Amino acid sequence: MPIEGFDYKAFAIDLAKQALDVLMQPNSNAAPDTLTNQDKKTIVETVRKYCFMAGEALSNDQQLKFNAEQASLVTQFIGEWTFHKSIDLINGKIPVEYRDSILQVIAANIFNTAKLALIKNMPQDNIINLVEEKVKHVYNDELQKLVKKGVLNQAQFDVAVNTSNLNDMVQKTEDESKLAQVQQEDSPISQASDTKVLKFAALAILLKKLPEQRRDKILDSLEKNDKVHVVNYMKMSNLEDKIDHGIIIKSLQEIRKILPLDDVVNVPKLLKNHRKLLSLTSIDKLDNIACKERETVRDFILDKDFPAEDFYSPLVIQSLVKSIEDKINDN
């Protein structure tokens, strides 16, 4: 008989709607912006389908005796993991014709694992960890099968098996939280960690303004873990507005000691074009932009004879010029 208080049809639709809401948010930590509209449509339908099937199976099981909370928990596990693994299959470039069968195996294993764990009255935190380990194991096994079939080579397998939207989401959220904390006077993060976070964020701001080829070359020169943090900050919306500009400049000056990038900037030409733009911009507009900046940056904007090269490195000048140009065009 049906489980009292558990409308599995409505619950499946609601979980699918939540998935759609997340997917439609720009710069969402929970999903990459690279997904196409068709990808999003497929993910939402996948979540709805497998949640519906799980809820229906739970409701029709005469032996189970689950309450609405238990049934909802099993169904939600399936919704969350089919969401994340659907994205992983897309980002891991698994051929479309194999994706649904892999998700079906994952959903079935989540269903059986979570159901048995609840029957044994395991604590919810333990169930969460158990389900996560099960998903990792099953996902690995299913991708290995594709290698044996010749669908994937070893390099493709390595990329796919290490692709994790859930891990990316957690890391992006942590990076965003750390960036907010380091700018608080009572930050609980260590001073060394503060400096590193700000350098990552400042470098991300700089890289966003560089040509793709140059940007990728610099990213590839970083340690793997550092690259992950920098890329996360590059994806963060309005990053420049979340950090004091003076801190950005100081951090970029520190980065200059690590990355020998000065040769890519033609400073005289850059300053010539910058001053020409300033001369064509009304003083009221420049005053409005400068009033929000630190003293040396204000001078850089308002004083045509300001000795920028004595104060800033070429890359800092490039970053400042680009930032000021953007603000002039936005106002």
# chains A, B, ... in the order shown; residues from 1 in each chain; ligands from 1
>>> residues_around(residues="Gln63 (chain A)", least_positions_apart="4", cutoff="12 Å", atoms="only C-alpha atoms", output="MDAnalysis selection string")
chainID A and resid 1:3 57:59 119
>>> write_last_selection(atoms="all heavy atoms", output="compact mmCIF listing (two decimals), in the first residue's frame")
# COMPACT_ATOMS: atom_id res chain seq x y z
N MET A 1 0.84 -1.20 0.00
CA MET A 1 0.00 0.00 0.00
C MET A 1 0.88 1.26 0.00
O MET A 1 2.04 1.19 0.40
CB MET A 1 -0.95 0.01 1.20
CG MET A 1 -0.25 -0.01 2.55
SD MET A 1 -1.41 -0.09 3.92
CE MET A 1 -2.27 1.46 3.77
N PRO A 2 0.36 2.40 -0.46
CA PRO A 2 1.16 3.63 -0.52
C PRO A 2 1.69 4.03 0.85
O PRO A 2 1.10 3.72 1.88
CB PRO A 2 0.15 4.66 -1.05
CG PRO A 2 -0.90 3.86 -1.75
CD PRO A 2 -1.00 2.57 -0.98
N ILE A 3 2.83 4.73 0.84
CA ILE A 3 3.43 5.22 2.08
C ILE A 3 2.76 6.53 2.45
O ILE A 3 2.73 7.48 1.67
CB ILE A 3 4.94 5.42 1.90
CG1 ILE A 3 5.62 4.10 1.55
CG2 ILE A 3 5.56 6.02 3.16
CD1 ILE A 3 7.07 4.24 1.15
N ALA A 57 8.84 2.27 -6.65
CA ALA A 57 9.26 0.97 -6.13
C ALA A 57 9.12 0.91 -4.61
O ALA A 57 8.68 -0.11 -4.06
CB ALA A 57 10.70 0.69 -6.53
N LEU A 58 9.47 1.98 -3.94
CA LEU A 58 9.35 2.02 -2.48
C LEU A 58 7.88 1.96 -2.05
O LEU A 58 7.51 1.25 -1.11
CB LEU A 58 9.99 3.30 -1.93
CG LEU A 58 11.51 3.40 -2.04
CD1 LEU A 58 11.98 4.82 -1.75
CD2 LEU A 58 12.19 2.41 -1.10
N SER A 59 7.05 2.68 -2.76
CA SER A 59 5.62 2.72 -2.41
C SER A 59 4.93 1.39 -2.65
O SER A 59 3.97 1.03 -1.95
CB SER A 59 4.92 3.82 -3.23
OG SER A 59 5.37 5.10 -2.86
N ILE A 119 17.17 0.04 6.79
CA ILE A 119 16.61 -1.14 7.48
C ILE A 119 17.46 -1.49 8.70
O ILE A 119 16.94 -1.90 9.75
CB ILE A 119 16.51 -2.34 6.50
CG1 ILE A 119 15.43 -2.06 5.45
CG2 ILE A 119 16.20 -3.63 7.25
CD1 ILE A 119 15.39 -3.08 4.33
>>> residues_around(residues="Ile102 (chain A)", least_positions_apart="6", cutoff="12 Å", atoms="only C-alpha atoms", output="list of chain:residue names")
A:Thr46, A:Thr82, A:Lys85, A:Ser86, A:Asp88, A:Leu89, A:Ile94, A:Pro95, A:Val96, A:Ala108, A:Asn109, A:Val135, A:Val138, A:Tyr139, A:Asn140, A:Asp141, A:Glu142, A:Leu143, A:Gln144, A:Lys145, A:Leu146
>>> closest_residue(among="A:Cys51, A:Leu166, A:Ala107, A:Leu277", to="Ala10 (chain A)", atoms="only C-alpha atoms")
A:Cys51
>>> residues_around(residues="Leu116 (chain A)", least_positions_apart="5", cutoff="12 Å", atoms="only C-alpha atoms", output="list in words")
Leu64, Phe66, Gln70, Val74, Asn109, Ile110, Phe111, Asn121, Met122, Ile127, Leu130 and Val131 of chain A
>>> residues_around(residues="Asn329 (chain A)", least_positions_apart="4", cutoff="10 Å", atoms="only C-alpha atoms", output="CSV table (one decimal) with N, CA and C atoms, in the first residue's frame")
chain,number,residue,atom,x,y,z
A,281,THR,N,37.7,61.2,-22.3
A,281,THR,CA,36.7,60.9,-21.3
A,281,THR,C,36.4,62.1,-20.4
A,324,ILE,N,40.1,50.0,-15.7
A,324,ILE,CA,39.6,51.4,-15.8
A,324,ILE,C,38.9,51.5,-17.2
A,325,GLU,N,39.4,50.9,-18.2
A,325,GLU,CA,38.7,50.9,-19.5
A,325,GLU,C,37.3,50.3,-19.4
>>> residues_around(residues="region 317-321 of chain A", least_positions_apart="5", cutoff="7 Å", atoms="only C-alpha atoms", output="list in words")
Leu206, His274 and Tyr312 of chain A
>>> write_last_selection(atoms="all heavy atoms", output="PDB file, in the first residue's frame")
ATOM      1  N   LEU A 206      43.820  38.646 -13.176  1.00  0.00           N
ATOM      2  CA  LEU A 206      44.770  38.936 -14.239  1.00  0.00           C
ATOM      3  C   LEU A 206      44.580  38.012 -15.435  1.00  0.00           C
ATOM      4  O   LEU A 206      44.509  38.453 -16.589  1.00  0.00           O
ATOM      5  CB  LEU A 206      46.196  38.806 -13.708  1.00  0.00           C
ATOM      6  CG  LEU A 206      47.322  38.882 -14.741  1.00  0.00           C
ATOM      7  CD1 LEU A 206      47.339  40.255 -15.400  1.00  0.00           C
ATOM      8  CD2 LEU A 206      48.659  38.578 -14.096  1.00  0.00           C
ATOM      9  N   HIS A 274      46.114  54.275 -23.072  1.00  0.00           N
ATOM     10  CA  HIS A 274      45.366  54.560 -21.842  1.00  0.00           C
ATOM     11  C   HIS A 274      45.162  56.067 -21.684  1.00  0.00           C
ATOM     12  O   HIS A 274      44.049  56.542 -21.417  1.00  0.00           O
ATOM     13  CB  HIS A 274      46.134  53.986 -20.649  1.00  0.00           C
ATOM     14  CG  HIS A 274      45.627  54.430 -19.320  1.00  0.00           C
ATOM     15  ND1 HIS A 274      44.399  54.060 -18.823  1.00  0.00           N
ATOM     16  CD2 HIS A 274      46.194  55.227 -18.368  1.00  0.00           C
ATOM     17  CE1 HIS A 274      44.221  54.597 -17.634  1.00  0.00           C
ATOM     18  NE2 HIS A 274      45.299  55.310 -17.336  1.00  0.00           N
ATOM     19  N   TYR A 312      54.226  50.499 -10.428  1.00  0.00           N
ATOM     20  CA  TYR A 312      53.605  49.210 -10.731  1.00  0.00           C
ATOM     21  C   TYR A 312      54.430  48.404 -11.732  1.00  0.00           C
ATOM     22  O   TYR A 312      55.119  48.953 -12.591  1.00  0.00           O
ATOM     23  CB  TYR A 312      52.199  49.410 -11.321  1.00  0.00           C
ATOM     24  CG  TYR A 312      51.264  50.208 -10.455  1.00  0.00           C
ATOM     25  CD1 TYR A 312      50.610  51.325 -10.961  1.00  0.00           C
ATOM     26  CD2 TYR A 312      51.018  49.832  -9.135  1.00  0.00           C
ATOM     27  CE1 TYR A 312      49.736  52.060 -10.181  1.00  0.00           C
ATOM     28  CE2 TYR A 312      50.144  50.565  -8.339  1.00  0.00           C
ATOM     29  CZ  TYR A 312      49.512  51.682  -8.870  1.00  0.00           C
ATOM     30  OH  TYR A 312      48.650  52.397  -8.089  1.00  0.00           O
TER      31      TYR A 312
END
>>> atom_distance(atom1="CA of Asp284 (chain A)", atom2="CA of Leu271 (chain A)")
21.0 Å
>>> select_by_dssp(residues="region 36-254 of chain A", states="alpha helix (DSSP H)", output="ChimeraX atom specification")
/A:37-60,68-91,96-119,124-149,154-161,165-182,191-207,212-221,224-235,245-254
>>> atom_distance(atom1="CA of Val44 (chain A)", atom2="CA of Lys93 (chain A)")
18.6 Å
>>> atom_distance(atom1="CA of Leu103 (chain A)", atom2="CA of Lys9 (chain A)")
19.9 Å
>>> closest_residue(among="A:Asp33, A:Glu45, A:Asp326, A:Glu174", to="Ala19 (chain A)", atoms="only C-alpha atoms")
A:Glu45
>>> residues_around(residues="Ala68 (chain A)", least_positions_apart="5", cutoff="9 Å", atoms="only C-alpha atoms", output="list in words")
Ile3, Glu4, Gly5, Phe6, Asp7 and Leu73 of chain A
>>> write_last_selection(atoms="N, CA, C and O atoms", output="PDB file, in the first residue's frame")
ATOM      1  N   ILE A   3       2.829   4.728   0.836  1.00  0.00           N
ATOM      2  CA  ILE A   3       3.431   5.219   2.080  1.00  0.00           C
ATOM      3  C   ILE A   3       2.757   6.533   2.450  1.00  0.00           C
ATOM      4  O   ILE A   3       2.726   7.477   1.666  1.00  0.00           O
ATOM      5  N   GLU A   4       2.221   6.599   3.639  1.00  0.00           N
ATOM      6  CA  GLU A   4       1.477   7.771   4.080  1.00  0.00           C
ATOM      7  C   GLU A   4       2.377   9.014   4.065  1.00  0.00           C
ATOM      8  O   GLU A   4       3.481   9.022   4.612  1.00  0.00           O
ATOM      9  N   GLY A   5       1.899  10.060   3.404  1.00  0.00           N
ATOM     10  CA  GLY A   5       2.633  11.317   3.358  1.00  0.00           C
ATOM     11  C   GLY A   5       3.737  11.368   2.309  1.00  0.00           C
ATOM     12  O   GLY A   5       4.455  12.371   2.208  1.00  0.00           O
ATOM     13  N   PHE A   6       3.850  10.298   1.513  1.00  0.00           N
ATOM     14  CA  PHE A   6       4.905  10.256   0.501  1.00  0.00           C
ATOM     15  C   PHE A   6       4.272  10.183  -0.887  1.00  0.00           C
ATOM     16  O   PHE A   6       3.878   9.126  -1.357  1.00  0.00           O
ATOM     17  N   ASP A   7       4.164  11.342  -1.522  1.00  0.00           N
ATOM     18  CA  ASP A   7       3.644  11.425  -2.885  1.00  0.00           C
ATOM     19  C   ASP A   7       4.848  11.380  -3.830  1.00  0.00           C
ATOM     20  O   ASP A   7       5.460  12.405  -4.136  1.00  0.00           O
ATOM     21  N   LEU A  73      14.300  10.088   1.750  1.00  0.00           N
ATOM     22  CA  LEU A  73      15.756  10.106   1.826  1.00  0.00           C
ATOM     23  C   LEU A  73      16.372   9.247   0.718  1.00  0.00           C
ATOM     24  O   LEU A  73      17.308   9.678   0.035  1.00  0.00           O
TER      25      LEU A  73
END
